[in-house]
Amino acid sequence: MRGQGTSTERARGVSEVTGVVLLFGIVIAGAAILFVSGSAVTETVQDNNEIESAEIAMSNVDSELGSLSMADSGTGQQLDLGSMSANDAIINRTGQIRVSVNDRSACAATVPLTALEYHHESGTTIVYESGAVWRADEDGGVSQLSEPGVRYQEQTLQLNLVNLSGTVDDSTIDVQKNSTRSAAMSNSVRNQLFSGSCGDPDDFRNLTLSVTSTYHEAWQRHLEAEFGQSQVSQAGPQTVAVEIPRSMLPPEYDNRRNTVVDFDDGQLVTGEILSEGTLSMAAAGVASGDDDALAIDKGEGNTYPSSLTLLGSANANATTHEVEENAPGDPLVGWNNSTMTLDDGSTVELTHEEPIYEQQQQWNNWTEEVPTNETLEIVFVMDESGSMGDDSKMENAREAAHDFIEVVETTTNGTEPRFSVVGYTSNAGCSDWYRDYHRGRYRYVCEAPSPANVVEHHPLNTDEEGAHDAIDGLEPQGNTPISQSIEEAADILQSQGNSSNEQFIVLLTDGQHNVDDEPNDYVRWPDEAAEQEVPDGVTLHSVGFGNPDDEILEATAEATTDGEYYPVSDSDDLSETFEEIAENVSTRTVYHNESYNETVLVGIEETTETVSVSNSSQFDVNLSTTRTLTEAEAENLSVGDTVWVNGTESLTIDENQSVSMEFTVQRFDEASNSTYTTTVPRTVEFSFEDTVTGEVNDTVTLENRHLDTDTTYERYLLHPQATLAVETGGSATTLWDGRNLNNWTADGVTLDAFESEGFTMADGEETGFQPTFRECVANETTGGTVTIDGTDYQETYCTGAGSTTMGDAETQVHIYGNDSQILANASLSWQESVREMLDTPDGQYYRETPSGDLYTDLPCDNQAIVVVEATDNETQTDANNMVFLAEVGRCSEDVEMSYLVGVDVSVVSTTENGTRVVAAPPVADADAEALLSVDQPAPSTAVVRAPARERAV
């Protein structure tokens, strides 16, 4: 029947419907799966792009903060977070860096680590932490995007750290550097590490650097690359440490390899050598011949330059000689009194001198500064770095440039001057800061990732108003690429100028060149750029103010033709300096020569005449002669005896004479310009002289005054000759070329005449001193006296030495280190004491206890006092000392340990309405962190992670 199918047909009909439904379901399910998987892929791509953008933005933050750390106090900067949301960024305290000397807590300093963290919802964190940029992935791994400011360079630990604090309220953060806190924190670290005993090279063993950080894994890899894997170890759950032994440091900081010496390590028995660099001496000898000695042995074969300085000597014996005198007294005078007649006729030649004149042509040479007729081409090279925005610097610079143009325009006589304006800065940030050695010292340079911003604001032409407008458009920003600006100025003069014109470059800067925009090449300094780029004949004048590198700017100007450097102390003086330069370039020197007639003395004419003299006069002549009794006469004659006084004497008689004469001379008449002859009368005075000679034969009766018969005593203070030799390793050398060290009382000889004498000590060798005293066989008095028990003794000095009077058995040598009691015998009242010898113009080398004991008090422990004591003489008890200052090797205080660690901590904070906001409270610590507590701290801020986006399933 129709409409009634079989069961098979019905089943087939059901099967077709079911198939259609299943097919439709499969299509729907596939579309859903495709939608879900496609959404996941799209979101992953979006996450990767956001993270990559954050990495770039955080690298720019690193560059900007690096530039800010090099800037002056109060300098501000903007940090652009790019696409990073302010809600996902936070400033946190992430750990600390600790440096210690010899693992001593008293010699340790700690600096907090802070970080700007960006937490992406995917679980990845991009971090700026004190100079480093890290990436922390969700699986816990940390990788390095840029290295931190902890470096090991030239055997020195360098710490260049940025301490960042504040809050993040926007994608653009205003930050400011506090130079006062930065300097205080840096100085606190240095003082904590190397003050007092912490900076003593004698005790130095190692430096230890430990870093505690949330990102310790990346720190460990960085430190292993800097110091070597064997020097780095784990010191805690989040702490990695580096031990820098003294073997990795310069030799002067290693007490085994340097020449630092310390007497203060105790005493040493004669002949015994101590190791480990301990310098000591023999115990003060008690028996005769027991001399002290010096010894040192660091086991390194070192040699130690040493010196000995004479501080004084007091070895002398007082002697008295009785003398019976029967000597001549006052002189005997004999006379011849008579009258003599002078009768003489002679002639005298008299000379008259007369000047001769004539007219001659003379020249007057002078110079004058006049406006130049040449065409001037001037390129202004103006600093547009960020520091030009401080203290009206840019306003004063613009005003000075305007004044320069006005002076040139009003001064020149030639064609119109041509001006160009170039501004220079660098906004690319820094991929790295490094040091470059130039002109005798290191200078810091920013390695820029892209070229510097050197802009030609106005081309070289006569458009004065255009030049003024370009100057008004200068704006401060970025770093200071001086070399690149010089190259640009030179290119403008060569491409737009005419070398036949007078060409000038006027360079202005308030800072120092610090941009290297060619990372694969060495930095080119401005003086090198000027020498290589500026053509011959082009003059570059440089002007520096603010914080310039005077040495570089002066060398830059001098590298060009007639270039000069103009240092300016204050930007308010820029206009005056620019006007001076403008007047120099717009004027020229004109030389003038003018002639005139002048009457000139050309010679002297002499006229000589002979004058006759005749005179006859009588004069009273009194001739006398004087003699003294001989010693023989004085012993054999008595008062009342008569003796003869004989002799021949002369007397000179002077008479003044005058005579009148006439001379014929020539004179010059200036009015008629002619010469004429005239007669000149003159009266000439002269002296007439004659000598009268006569014999004296007279008898004199002796009186008491002619004879002396007294008994006298001659007292002398006699000094033997003393020399000193130094003996090292069995070889002896006489010091001061064998000069008499006991002879400094000689006339004109002082202690200053004995300069310090050098000798050398070596590891493993004993050094002693050998004095020698010789009899003085010839003496001379100095004219001075010494009073002993109320009696004056004549001071003498030795002029001839004889045989040895005191050897090793009669002398002792004592050596005293710092703060040692001096055991020398007491001096007599008339002798110079050891105390007086130790009180020198260079300082007092002793201290005295209330009981009168003397102890050495020396500036450094590598010094010692050497006392030579001689045997007392037969009649007196005295010390007979000679005293020296010994100095061996180097003083530990001369080794400046602070150079081992270079510290530069920059304190940078965000600003909100002009108020500093601290991200976390300071840690209670005796180290540099305490300096952060000056401001009121805000509550501690915990790490906040952004919530994850809901994902489709």
# chains A, B, ... in the order shown; residues from 1 in each chain; ligands from 1

call {"tool": "select_by_dssp", "arguments": {"residues": "region 452-596 of chain A", "states": "alpha helix (DSSP H)", "output": "PyMOL selection string"}}
result
chain A and resi 464-472+482-496+526-533+550-558+574-585

call {"tool": "write_last_selection", "arguments": {"atoms": "N, CA and C atoms", "output": "short mmCIF file (atom, residue, chain, number, x, y, z; two decimals), in the first residue's frame"}}
result
data_model
loop_
_atom_site.label_atom_id
_atom_site.label_comp_id
_atom_site.auth_asym_id
_atom_site.auth_seq_id
_atom_site.Cartn_x
_atom_site.Cartn_y
_atom_site.Cartn_z
N GLU A 464 70.69 87.92 9.13
CA GLU A 464 70.95 88.18 10.56
C GLU A 464 69.73 87.82 11.41
N GLU A 465 68.52 88.19 10.95
CA GLU A 465 67.32 87.90 11.73
C GLU A 465 67.11 86.39 11.86
N GLY A 466 67.42 85.66 10.79
CA GLY A 466 67.29 84.20 10.88
C GLY A 466 68.23 83.61 11.91
N ALA A 467 69.44 84.17 12.00
CA ALA A 467 70.37 83.69 13.02
C ALA A 467 69.85 83.99 14.43
N HIS A 468 69.28 85.22 14.61
CA HIS A 468 68.71 85.55 15.92
C HIS A 468 67.57 84.60 16.27
N ASP A 469 66.70 84.29 15.30
CA ASP A 469 65.58 83.38 15.57
C ASP A 469 66.08 81.99 15.94
N ALA A 470 67.13 81.52 15.24
CA ALA A 470 67.67 80.19 15.55
C ALA A 470 68.24 80.15 16.95
N ILE A 471 68.89 81.23 17.36
CA ILE A 471 69.46 81.29 18.73
C ILE A 471 68.34 81.25 19.76
N ASP A 472 67.23 81.98 19.48
CA ASP A 472 66.10 81.98 20.43
C ASP A 472 65.46 80.60 20.53
N ILE A 482 80.23 67.09 22.31
CA ILE A 482 80.99 68.24 21.78
C ILE A 482 81.74 67.87 20.50
N SER A 483 82.38 66.68 20.48
CA SER A 483 83.19 66.30 19.30
C SER A 483 82.34 66.27 18.04
N GLN A 484 81.12 65.71 18.13
CA GLN A 484 80.26 65.62 16.97
C GLN A 484 79.86 67.01 16.46
N SER A 485 79.67 67.98 17.41
CA SER A 485 79.29 69.33 17.00
C SER A 485 80.43 70.03 16.27
N ILE A 486 81.69 69.77 16.67
CA ILE A 486 82.84 70.36 15.98
C ILE A 486 82.92 69.85 14.54
N GLU A 487 82.68 68.55 14.39
CA GLU A 487 82.70 67.97 13.03
C GLU A 487 81.62 68.61 12.16
N GLU A 488 80.41 68.84 12.72
CA GLU A 488 79.33 69.46 11.96
C GLU A 488 79.70 70.88 11.56
N ALA A 489 80.28 71.67 12.48
CA ALA A 489 80.65 73.05 12.18
C ALA A 489 81.70 73.10 11.07
N ALA A 490 82.69 72.19 11.13
CA ALA A 490 83.72 72.15 10.09
C ALA A 490 83.10 71.82 8.73
N ASP A 491 82.13 70.87 8.70
CA ASP A 491 81.46 70.51 7.45
C ASP A 491 80.70 71.71 6.87
N ILE A 492 80.04 72.52 7.74
CA ILE A 492 79.28 73.67 7.26
C ILE A 492 80.22 74.69 6.60
N LEU A 493 81.36 74.97 7.24
CA LEU A 493 82.30 75.94 6.66
C LEU A 493 82.85 75.46 5.33
N GLN A 494 83.11 74.15 5.20
CA GLN A 494 83.68 73.62 3.96
C GLN A 494 82.64 73.52 2.84
N SER A 495 81.38 73.19 3.21
CA SER A 495 80.36 72.99 2.18
C SER A 495 79.61 74.27 1.83
N GLN A 496 79.43 75.19 2.80
CA GLN A 496 78.65 76.39 2.56
C GLN A 496 79.50 77.66 2.54
N PRO A 526 87.12 66.11 22.01
CA PRO A 526 87.01 67.36 21.24
C PRO A 526 88.32 67.87 20.69
N ASP A 527 89.44 67.78 21.44
CA ASP A 527 90.70 68.27 20.91
C ASP A 527 91.16 67.43 19.71
N GLU A 528 90.85 66.11 19.75
CA GLU A 528 91.17 65.25 18.60
C GLU A 528 90.28 65.61 17.40
N ALA A 529 88.98 65.87 17.66
CA ALA A 529 88.08 66.25 16.57
C ALA A 529 88.52 67.55 15.93
N ALA A 530 88.94 68.55 16.74
CA ALA A 530 89.37 69.83 16.21
C ALA A 530 90.61 69.66 15.34
N GLU A 531 91.56 68.83 15.80
CA GLU A 531 92.80 68.64 15.05
C GLU A 531 92.54 67.92 13.73
N GLN A 532 91.57 66.98 13.73
CA GLN A 532 91.33 66.15 12.54
C GLN A 532 90.34 66.79 11.55
N GLU A 533 89.35 67.57 12.06
CA GLU A 533 88.26 68.02 11.20
C GLU A 533 88.37 69.49 10.80
N ASP A 550 88.37 72.19 31.54
CA ASP A 550 89.22 73.29 31.04
C ASP A 550 90.37 72.77 30.20
N GLU A 551 90.98 71.65 30.61
CA GLU A 551 92.15 71.13 29.89
C GLU A 551 91.76 70.75 28.47
N ILE A 552 90.62 70.05 28.30
CA ILE A 552 90.17 69.63 26.97
C ILE A 552 89.80 70.84 26.11
N LEU A 553 89.05 71.80 26.69
CA LEU A 553 88.61 72.96 25.90
C LEU A 553 89.79 73.81 25.45
N GLU A 554 90.80 73.96 26.30
CA GLU A 554 91.98 74.73 25.92
C GLU A 554 92.74 74.02 24.80
N ALA A 555 92.89 72.69 24.92
CA ALA A 555 93.58 71.94 23.87
C ALA A 555 92.79 71.97 22.57
N THR A 556 91.45 71.98 22.65
CA THR A 556 90.60 72.04 21.45
C THR A 556 90.84 73.34 20.69
N ALA A 557 90.87 74.47 21.40
CA ALA A 557 91.11 75.76 20.74
C ALA A 557 92.51 75.83 20.16
N GLU A 558 93.51 75.37 20.91
CA GLU A 558 94.90 75.47 20.46
C GLU A 558 95.19 74.55 19.28
N LEU A 574 78.82 85.85 30.37
CA LEU A 574 78.98 85.34 29.01
C LEU A 574 78.94 86.47 27.97
N SER A 575 78.04 87.44 28.15
CA SER A 575 77.92 88.51 27.15
C SER A 575 79.23 89.28 27.03
N GLU A 576 79.87 89.57 28.17
CA GLU A 576 81.14 90.30 28.14
C GLU A 576 82.21 89.51 27.39
N THR A 577 82.25 88.18 27.63
CA THR A 577 83.24 87.34 26.95
C THR A 577 82.96 87.26 25.45
N PHE A 578 81.68 87.07 25.06
CA PHE A 578 81.32 86.98 23.64
C PHE A 578 81.62 88.30 22.92
N GLU A 579 81.38 89.44 23.61
CA GLU A 579 81.69 90.72 22.97
C GLU A 579 83.20 90.87 22.75
N GLU A 580 84.00 90.38 23.70
CA GLU A 580 85.45 90.42 23.53
C GLU A 580 85.89 89.59 22.32
N ILE A 581 85.31 88.37 22.18
CA ILE A 581 85.65 87.52 21.03
C ILE A 581 85.20 88.20 19.74
N ALA A 582 83.98 88.81 19.76
CA ALA A 582 83.45 89.45 18.56
C ALA A 582 84.37 90.60 18.11
N GLU A 583 84.85 91.39 19.06
CA GLU A 583 85.76 92.48 18.70
C GLU A 583 87.07 91.95 18.13
N ASN A 584 87.55 90.81 18.66
CA ASN A 584 88.80 90.23 18.15
C ASN A 584 88.65 89.76 16.71
N VAL A 585 87.51 89.13 16.38
CA VAL A 585 87.36 88.57 15.03
C VAL A 585 86.98 89.63 14.00
#

call {"tool": "residues_around", "arguments": {"residues": "region 154-165 of chain A", "least_positions_apart": "5", "cutoff": "6 Å", "atoms": "only C-alpha atoms", "output": "ChimeraX atom specification"}}
result
/A:114,130,149,249,900-909,918-919

call {"tool": "write_last_selection", "arguments": {"atoms": "C-alpha atoms", "output": "CSV table (one decimal), in the first residue's frame"}}
result
chain,number,residue,atom,x,y,z
A,114,THR,CA,65.9,48.9,45.2
A,130,SER,CA,70.4,49.3,40.5
A,149,GLY,CA,76.9,48.5,38.0
A,249,LEU,CA,94.7,43.0,43.9
A,900,LEU,CA,90.5,49.2,46.1
A,901,VAL,CA,86.8,50.0,45.9
A,902,GLY,CA,85.3,52.7,43.7
A,903,VAL,CA,81.9,53.7,45.1
A,904,ASP,CA,79.3,55.9,43.4
A,905,VAL,CA,75.8,55.7,44.9
A,906,SER,CA,73.1,57.9,43.3
A,907,VAL,CA,70.1,58.6,45.4
A,908,VAL,CA,67.2,59.2,43.0
A,909,SER,CA,63.5,59.6,44.0
A,918,VAL,CA,60.0,57.1,50.0
A,919,ALA,CA,58.9,53.6,48.8

call {"tool": "closest_atom_pairs", "arguments": {"of": "region 506-625 of chain A", "to": "region 370-379 of chain A", "cutoff": "12 Å", "atoms": "only C-alpha atoms", "output": "JSON lines"}}
result
{"residue": "A:Val506", "atom": "CA", "partner": "A:Val379", "partner_atom": "CA", "distance": 6.3}
{"residue": "A:Leu507", "atom": "CA", "partner": "A:Val379", "partner_atom": "CA", "distance": 8.4}
{"residue": "A:Leu508", "atom": "CA", "partner": "A:Val379", "partner_atom": "CA", "distance": 11.1}
{"residue": "A:Val538", "atom": "CA", "partner": "A:Glu377", "partner_atom": "CA", "distance": 9.8}
{"residue": "A:Thr539", "atom": "CA", "partner": "A:Ile378", "partner_atom": "CA", "distance": 9.6}
{"residue": "A:Leu540", "atom": "CA", "partner": "A:Val379", "partner_atom": "CA", "distance": 9.4}
{"residue": "A:His541", "atom": "CA", "partner": "A:Val379", "partner_atom": "CA", "distance": 10.6}
{"residue": "A:Ser542", "atom": "CA", "partner": "A:Val379", "partner_atom": "CA", "distance": 12.0}
{"residue": "A:Ile581", "atom": "CA", "partner": "A:Ile378", "partner_atom": "CA", "distance": 11.4}
{"residue": "A:Ala582", "atom": "CA", "partner": "A:Ile378", "partner_atom": "CA", "distance": 10.0}
{"residue": "A:Glu583", "atom": "CA", "partner": "A:Pro371", "partner_atom": "CA", "distance": 8.8}
{"residue": "A:Asn584", "atom": "CA", "partner": "A:Pro371", "partner_atom": "CA", "distance": 9.7}
{"residue": "A:Val585", "atom": "CA", "partner": "A:Leu376", "partner_atom": "CA", "distance": 8.1}
{"residue": "A:Ser586", "atom": "CA", "partner": "A:Thr372", "partner_atom": "CA", "distance": 5.6}
{"residue": "A:Thr587", "atom": "CA", "partner": "A:Pro371", "partner_atom": "CA", "distance": 4.2}
{"residue": "A:Arg588", "atom": "CA", "partner": "A:Thr372", "partner_atom": "CA", "distance": 5.3}
{"residue": "A:Thr589", "atom": "CA", "partner": "A:Val370", "partner_atom": "CA", "distance": 6.4}
{"residue": "A:Val590", "atom": "CA", "partner": "A:Val370", "partner_atom": "CA", "distance": 7.0}
{"residue": "A:Tyr591", "atom": "CA", "partner": "A:Val370", "partner_atom": "CA", "distance": 10.5}

call {"tool": "atom_distance", "arguments": {"atom1": "CA of Gly764 (chain A)", "atom2": "CA of Glu810 (chain A)"}}
result
28.9 Å

call {"tool": "residues_around", "arguments": {"residues": "Val602 (chain A)", "least_positions_apart": "6", "cutoff": "10 Å", "atoms": "only C-alpha atoms", "output": "ChimeraX atom specification"}}
result
/A:355-360

call {"tool": "write_last_selection", "arguments": {"atoms": "C-alpha atoms", "output": "compact mmCIF listing (two decimals), in the first residue's frame"}}
result
# COMPACT_ATOMS: atom_id res chain seq x y z
CA PRO A 355 129.79 117.82 23.22
CA ILE A 356 129.24 117.71 19.40
CA TYR A 357 125.65 117.64 17.95
CA GLU A 358 124.04 117.08 14.55
CA GLN A 359 120.53 116.66 13.12
CA GLN A 360 119.36 113.10 12.26

call {"tool": "residues_around", "arguments": {"residues": "region 882-884 of chain A", "least_positions_apart": "2", "cutoff": "9 Å", "atoms": "only C-alpha atoms", "output": "CSV table (one decimal) with C-alpha atoms, in the first residue's frame"}}
result
chain,number,residue,atom,x,y,z
A,308,LEU,CA,119.1,57.5,58.3
A,309,THR,CA,118.8,61.1,59.6
A,310,LEU,CA,121.2,62.7,62.1
A,311,LEU,CA,119.2,64.4,64.9
A,312,GLY,CA,122.1,65.4,67.1
A,313,SER,CA,125.4,64.6,68.8
A,314,ALA,CA,126.8,65.5,72.3
A,315,ASN,CA,130.2,63.6,72.5
A,741,LEU,CA,129.1,63.5,62.6
A,742,ASN,CA,130.4,65.0,65.8
A,834,VAL,CA,118.5,62.9,74.0
A,837,MET,CA,117.8,66.0,70.1
A,838,LEU,CA,114.4,64.3,69.6
A,864,ALA,CA,112.9,53.9,64.8
A,865,ILE,CA,115.3,55.9,66.9
A,866,VAL,CA,119.0,54.8,66.8
A,867,VAL,CA,121.1,55.9,69.9
A,868,VAL,CA,124.9,55.5,69.8
A,869,GLU,CA,126.3,55.6,73.3
A,870,ALA,CA,130.1,56.0,74.0
A,880,ASN,CA,128.1,61.0,75.0
A,886,ALA,CA,115.9,55.4,60.9

call {"tool": "decode", "arguments": {"residues": "region 149-173 of chain A", "atoms": "C-alpha atoms", "output": "tab-separated table (two decimals), in the first residue's frame"}}
result
chain	number	residue	atom	x	y	z
A	149	GLY	CA	76.89	48.49	37.97
A	150	VAL	CA	79.14	46.05	39.86
A	151	ARG	CA	82.37	45.50	37.91
A	152	TYR	CA	85.92	44.27	38.51
A	153	GLN	CA	88.17	46.52	36.41
A	154	GLU	CA	91.92	47.13	36.60
A	155	GLN	CA	92.16	45.13	39.84
A	156	THR	CA	89.56	47.42	41.45
A	157	LEU	CA	85.99	46.70	42.63
A	158	GLN	CA	83.69	49.30	41.04
A	159	LEU	CA	80.22	49.92	42.52
A	160	ASN	CA	78.04	52.28	40.44
A	161	LEU	CA	74.61	51.93	42.04
A	162	VAL	CA	71.30	53.81	41.74
A	163	ASN	CA	69.10	53.84	44.86
A	164	LEU	CA	65.57	54.48	43.57
A	165	SER	CA	62.63	55.35	45.82
A	166	GLY	CA	59.11	56.70	45.48
A	167	THR	CA	55.83	55.68	43.86
A	168	VAL	CA	54.63	55.00	40.31
A	169	ASP	CA	51.45	56.96	39.54
A	170	ASP	CA	51.60	57.32	35.77
A	171	SER	CA	53.27	55.88	32.70
A	172	THR	CA	55.63	58.89	32.82
A	173	ILE	CA	57.62	59.24	36.07
